[in-house]
Structures are given as structure tokens and as C-alpha cells.
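> Shown below is the structure under consideration.
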Protein chains: 2
Amino acid sequence: MSRRDGDVVEVFAALGDRTRQDLLDLLARGQGSSSAALAEPLGVTRQAVEKHLRLLEQVGLVTARRDGRRVAWAVRPETVRRSAQWLEARSAEWERQLALVKAAAEKADGA
Amino acid sequence: MSRRDGDVVEVFAALGDRTRQDLLDLLARGQGSSSAALAEPLGVTRQAVEKHLRLLEQVGLVTARRDGRRVAWAVRPETVRRSAQWLEARSAEWERQLALVKAAAEKADGA
DNA sequence: GCACTCTGCAACCATCTGGTTGCATGGAGA
DNA sequence: TCTCCATGCAACCAGATGGTTGCAGAGTGC
């Protein structure tokens with residue numbers, strides 16, 4: 001597994017949390033871009049939101065832009081799309097490999 | 001977010017771990033199907049592998065089939081494919097929403 | 001029948017995680 | 001200039017996690 005594969009593992013780990021999924025939804029819908037604005041619909045403190053946002057930023061799922069003292073967060077869907085494509089390729093690869101293994105096993109049984 | 005969405009979150013959490021990713025790779029390649037056979041290339045104990053396998057089974061990524069006292073584990077790529085498609089749809093949806101938000105903001109600026 | 005093999009399970013441990021609280025700092029508006 | 005607002009950060013906490021060790025039970029081959 002290459003280093004890039006390692007990055008993808010972190011993206012999946014980041015996506016494997018309900019609060020972060022909801023957070024990304026809110027950001028994509030334009031329903032708030034500051035941590036305080038996002039905290040209220042999520043039902044957690046703004047510090048919890050900031051923690052999640054920093055993790056999402058770390059794996060490339062969101063970006064931050066300073067606006068005076070405010071920070072405007074935004075989703076980066078292209079990172080999600082790339083991860084989806086990576087996963088799709090993996091499942092296709094696994095299906096291909098399983099077909100080979102299955103064919104080899106049937107050949108052995110016939111022998 | 002629907003209940004099915006909740007399931008997907010668990011799939012991503014399951015995929016967000018390097019050992020489990022490697023485990024799925026080994027299973028797909030047919031390089032061992034029992035916990036003991038899988039533990040050696042992963043460098044962890046068979047109990048650790050079994051823990052991971054049970055979690056993967058819980059979210060539908062692998063299946064177990066009893067073979068006497070042995071358990072043969074197998075990957076279910078269709079679950080991975082479905083999750084990839086879900087993610088692809090989400091990123092497309094987020095891109096669509098972001099475009100709407102961006103257009104609305106530009107309209108407001110022009111006013 | 002017995003020894004061996006494979007699995008299941010629980011207890012344990014160090015670390016991580018998701019969240020809260022409290023306080024400090026910097027930007028902005030009056 | 002001062003007050004307010006928004007953010008940053010650290011400490012804390014309960015629970016979860018990933019792994020190990022030890023032991024018991026069931027299947028299997030001799």
C-alpha cells in the first residue's frame with residue numbers, strides 16, 4: 001500500500017464519524033461557515049466543532065480562509081470524489097482477484 | 001441523514017484503519033482465509049485479526065463460513081462498491097450545493 | 001482416546017477520541 | 001480606547017480502540 005493509500009485511510013477514518021458527516025453536510029449547504037455557526041445545529045460546543053474541522057483540514061476535506069477574526073470553512077468535494085474513486089477501484093480490484101481465486105479453486109477441484 | 005447513511009458511516013470507520021485495509025487486501029488476494037493465516041503477514045496476533053474480522057463482518061465488509069473447526073473469511077466487495085457509490089453521490093451533491101451557494105453569493109454581491 | 005490445532009472469549013493495558021470547561025489573545029465596532 | 005466577539009489552546013474526563021496474554025472448548029488426525 002503506497003503512501004497515497006495511507007492518506008486515503010485517514011480520509012475514511014475522518015468520514016467514519018457522524019458529527020463530521022453532518023458538519024460536511026452543513027458546510028456544503030452553506031448553512032454557516034464559522035465554528036460557532038456550525039456548532040448550534042450540531043448540538044456540540046464550538047471547540048468540538050473546531051477540533052473536527054482541524055482534523056478534516058488535515059486530511060484535505062475542508063479548507064480554511066481567514067476573514068478578519070473569523071475563519072470561513074469550506075468543503076473540498078474533490079477530495080471526497082478522489083476517495084470515492086479510490087474505493088471504487090479497490091472494490092473492482094477485489095472482485096477481479098476473487099474471480100481469479102475462485103477460478104483457481106474450481107480448477108483444483110476438477111483436477 | 002437516514003439510517004442507511006448511518007451504516008455507511010460505520011463502513012468508513014471500518015475502512016479507516018490500516019490493519020483492516022491490509023486485511024481486506026489479503027482476503028481479496030486469497031492469501032489466507034483463517035485468522036491464523038492472516039495474522040502472520042499482518043504482524044499482529046490472531047486474536048487481533050479476529051477482532052478486526054468481527055468488526056468488518058458487523059458492517060458487512062466480510063462474511064464468515066464455518067469449515068469444521070476453521071472459519072473461512074471472505075471479502076464482500078459489493079459493500080465496498082455501494083459505499084464508494086454513496087460517497088461519489090455525496091461529493092456530487094456537495095459540489096452542486098456549493099455551486100448554488102456560490103451563485104447566490106455572487107448575486108448578492110451584484111445587488 | 002489422546003494430543004494437537006483452531007477458535008472464542010475475557011481481562012488487561014496504553015493510547016486515542018470526542019466532547020467540555022476555562023482562560024487568553026486578537027480583530028472589530030462603537 | 002474599550003467592550004464585545006470570535007478563535008486558539010490546554011487540561012480534563014469518560015469511553016472507545018487496537019493490541020496482547022491466558023485459558024477454555026470443539027474439531028480432527030493418529
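Going through the C-alpha cells in order, the chains are called A, B, and so on, while each chain numbers its residues from 1 and the ligands are numbered from 1 in the order shown.
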Contacts between chain D and chain A, please, where a residue of chain A counts if it comes within 12 Å (with only C-alpha atoms (C1' of nucleotides)); show its shortest atom pair and distance in Å to one decimal, rows by chain and ascending number, as a tab-separated table.


residue	atom	partner	partner_atom	distance
A:Ser34	CA	D:DA6	C1'	8.9
A:Ser35	CA	D:DT7	C1'	8.8
A:Ala36	CA	D:DA6	C1'	8.2
A:Ala37	CA	D:DA6	C1'	10.8
A:Arg46	CA	D:DT7	C1'	9.6
A:Gln47	CA	D:DT7	C1'	9.2
A:Val49	CA	D:DT7	C1'	11.8
A:Glu50	CA	D:DT7	C1'	9.2
A:Lys51	CA	D:DG8	C1'	10.7
A:Arg54	CA	D:DG8	C1'	11.6
A:Arg66	CA	D:DT7	C1'	10.7
A:Asp67	CA	D:DA6	C1'	10.7
A:Gly68	CA	D:DA6	C1'	9.5
A:Arg69	CA	D:DA6	C1'	6.1
A:Arg70	CA	D:DA6	C1'	5.9
A:Val71	CA	D:DT7	C1'	8.1
A:Ala72	CA	D:DA6	C1'	11.4

> Tell me as a ChimeraX atom specification which residues belonging to chain B come within 6 Å of chain A, counting only C-alpha atoms.

/B:9-10,12-13,16,28-29,77,80-81,84,87-88,91,94,97-98

> For chain B, work out the contacting residues on chain C at 10 Å, counting only C-alpha atoms (C1' of nucleotides), and write them as a list in words.

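Listed by rising number, the hits are DT5, DC6, DT7, DG8 and DC9 of chain C.
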
> Hey, can you spit out that residue selection with all heavy atoms as a compact mmCIF listing (two decimals), in the first residue's frame?


# COMPACT_ATOMS: atom_id res chain seq x y z
P DT C 5 0.02 -28.89 16.47
OP1 DT C 5 1.02 -28.98 15.38
OP2 DT C 5 0.33 -28.16 17.71
O5' DT C 5 -1.33 -28.29 15.87
C5' DT C 5 -2.06 -29.07 14.93
C4' DT C 5 -3.41 -28.42 14.69
O4' DT C 5 -4.30 -28.70 15.81
C3' DT C 5 -3.37 -26.91 14.54
O3' DT C 5 -4.18 -26.56 13.43
C2' DT C 5 -3.97 -26.40 15.85
C1' DT C 5 -4.95 -27.50 16.18
N1 DT C 5 -5.29 -27.60 17.62
C2 DT C 5 -6.61 -27.72 17.97
O2 DT C 5 -7.52 -27.73 17.17
N3 DT C 5 -6.84 -27.83 19.32
C4 DT C 5 -5.90 -27.83 20.33
O4 DT C 5 -6.22 -27.93 21.51
C5 DT C 5 -4.53 -27.70 19.88
C7 DT C 5 -3.41 -27.68 20.89
C6 DT C 5 -4.29 -27.60 18.56
P DC C 6 -3.90 -25.20 12.69
OP1 DC C 6 -3.85 -25.53 11.26
OP2 DC C 6 -2.78 -24.50 13.35
O5' DC C 6 -5.24 -24.37 12.96
C5' DC C 6 -6.49 -24.93 12.62
C4' DC C 6 -7.59 -24.30 13.44
O4' DC C 6 -7.53 -24.79 14.79
C3' DC C 6 -7.50 -22.79 13.55
O3' DC C 6 -8.59 -22.20 12.84
C2' DC C 6 -7.57 -22.47 15.03
C1' DC C 6 -8.03 -23.79 15.63
N1 DC C 6 -7.52 -24.03 17.01
C2 DC C 6 -8.43 -24.29 18.03
O2 DC C 6 -9.64 -24.33 17.77
N3 DC C 6 -7.97 -24.50 19.29
C4 DC C 6 -6.65 -24.45 19.52
N4 DC C 6 -6.24 -24.67 20.77
C5 DC C 6 -5.71 -24.20 18.49
C6 DC C 6 -6.18 -23.98 17.26
P DT C 7 -8.81 -20.62 12.83
OP1 DT C 7 -9.46 -20.30 11.56
OP2 DT C 7 -7.55 -19.97 13.23
O5' DT C 7 -9.87 -20.43 14.01
C5' DT C 7 -11.03 -21.25 14.04
C4' DT C 7 -11.78 -21.03 15.34
O4' DT C 7 -10.99 -21.52 16.44
C3' DT C 7 -12.10 -19.57 15.65
O3' DT C 7 -13.50 -19.44 15.80
C2' DT C 7 -11.35 -19.27 16.95
C1' DT C 7 -11.17 -20.66 17.54
N1 DT C 7 -9.98 -20.79 18.42
C2 DT C 7 -10.15 -21.11 19.74
O2 DT C 7 -11.25 -21.27 20.26
N3 DT C 7 -9.00 -21.22 20.47
C4 DT C 7 -7.71 -21.07 20.00
O4 DT C 7 -6.75 -21.20 20.75
C5 DT C 7 -7.59 -20.74 18.60
C7 DT C 7 -6.23 -20.55 18.00
C6 DT C 7 -8.72 -20.63 17.88
P DG C 8 -14.18 -18.06 16.03
OP1 DG C 8 -15.51 -18.09 15.39
OP2 DG C 8 -13.18 -17.02 15.69
O5' DG C 8 -14.40 -18.03 17.62
C5' DG C 8 -15.13 -19.09 18.23
C4' DG C 8 -15.35 -18.78 19.70
O4' DG C 8 -14.15 -19.08 20.44
C3' DG C 8 -15.67 -17.31 19.98
O3' DG C 8 -16.71 -17.27 20.95
C2' DG C 8 -14.36 -16.75 20.51
C1' DG C 8 -13.73 -17.96 21.18
N9 DG C 8 -12.26 -17.96 21.16
C8 DG C 8 -11.45 -17.73 20.08
N7 DG C 8 -10.18 -17.83 20.36
C5 DG C 8 -10.14 -18.13 21.70
C6 DG C 8 -9.04 -18.36 22.57
O6 DG C 8 -7.84 -18.32 22.29
N1 DG C 8 -9.45 -18.64 23.86
C2 DG C 8 -10.76 -18.71 24.28
N2 DG C 8 -10.97 -18.99 25.56
N3 DG C 8 -11.80 -18.50 23.48
C4 DG C 8 -11.43 -18.22 22.21
P DC C 9 -17.43 -15.89 21.25
OP1 DC C 9 -18.87 -16.20 21.47
OP2 DC C 9 -17.01 -14.90 20.25
O5' DC C 9 -16.79 -15.49 22.65
C5' DC C 9 -16.62 -16.49 23.64
C4' DC C 9 -15.78 -15.96 24.77
O4' DC C 9 -14.37 -16.19 24.51
C3' DC C 9 -15.95 -14.46 25.02
O3' DC C 9 -16.24 -14.26 26.39
C2' DC C 9 -14.58 -13.88 24.66
C1' DC C 9 -13.65 -15.06 24.94
N1 DC C 9 -12.38 -15.02 24.20
C2 DC C 9 -11.18 -15.29 24.88
O2 DC C 9 -11.23 -15.57 26.07
N3 DC C 9 -10.01 -15.25 24.19
C4 DC C 9 -10.01 -14.96 22.89
N4 DC C 9 -8.83 -14.95 22.27
C5 DC C 9 -11.21 -14.67 22.18
C6 DC C 9 -12.37 -14.71 22.87

> One number please: atom C1' of DG27 of chain C to atom CA of Ala64 of chain A, in Å, one decimal.

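Atom-to-atom, atom C1' of DG27 of chain C to atom CA of Ala64 of chain A, that is 17.1 Å.
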
> Within chain B, find each residue whose DSSP state, derived from the backbone, is strand (DSSP E), and express the selection as a ChimeraX atom specification.

/B:62-67,70-75

> Print the selection's residues with C-alpha atoms to a file, as an mmCIF file, in the first residue's frame.


data_model
loop_
_atom_site.group_PDB
_atom_site.id
_atom_site.type_symbol
_atom_site.label_atom_id
_atom_site.label_comp_id
_atom_site.auth_asym_id
_atom_site.auth_seq_id
_atom_site.Cartn_x
_atom_site.Cartn_y
_atom_site.Cartn_z
ATOM 1 C CA VAL B 62 -16.643 -9.661 5.090
ATOM 2 C CA THR B 63 -18.528 -12.912 5.568
ATOM 3 C CA ALA B 64 -17.629 -15.983 7.622
ATOM 4 C CA ARG B 65 -18.206 -19.634 6.683
ATOM 5 C CA ARG B 66 -17.503 -22.466 9.090
ATOM 6 C CA ASP B 67 -15.295 -25.257 7.808
ATOM 7 C CA ARG B 70 -11.860 -23.490 10.923
ATOM 8 C CA VAL B 71 -13.560 -20.295 9.857
ATOM 9 C CA ALA B 72 -13.097 -19.133 6.294
ATOM 10 C CA TRP B 73 -13.406 -15.398 5.884
ATOM 11 C CA ALA B 74 -14.174 -13.695 2.565
ATOM 12 C CA VAL B 75 -14.456 -10.103 1.363
#

> Could you tell me how far atom CA of Gln58 of chain A sits from atom CA of Pro41 of chain A, in Å to one decimal place?

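Interatomic distance here is 23.2 Å.
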
> So how far away is atom CA of Ala104 of chain B from atom CA of Leu38 of chain A, in Å?

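If I compute the distance from atom CA of Leu38 of chain A to atom CA of Ala104 of chain B, I get 19.7 Å.
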
> Name the residues of segment 53-92 of chain B that come out as helix (DSSP H, G or I) in a backbone DSSP run; write them as a ChimeraX atom specification.

/B:53-58,77-92
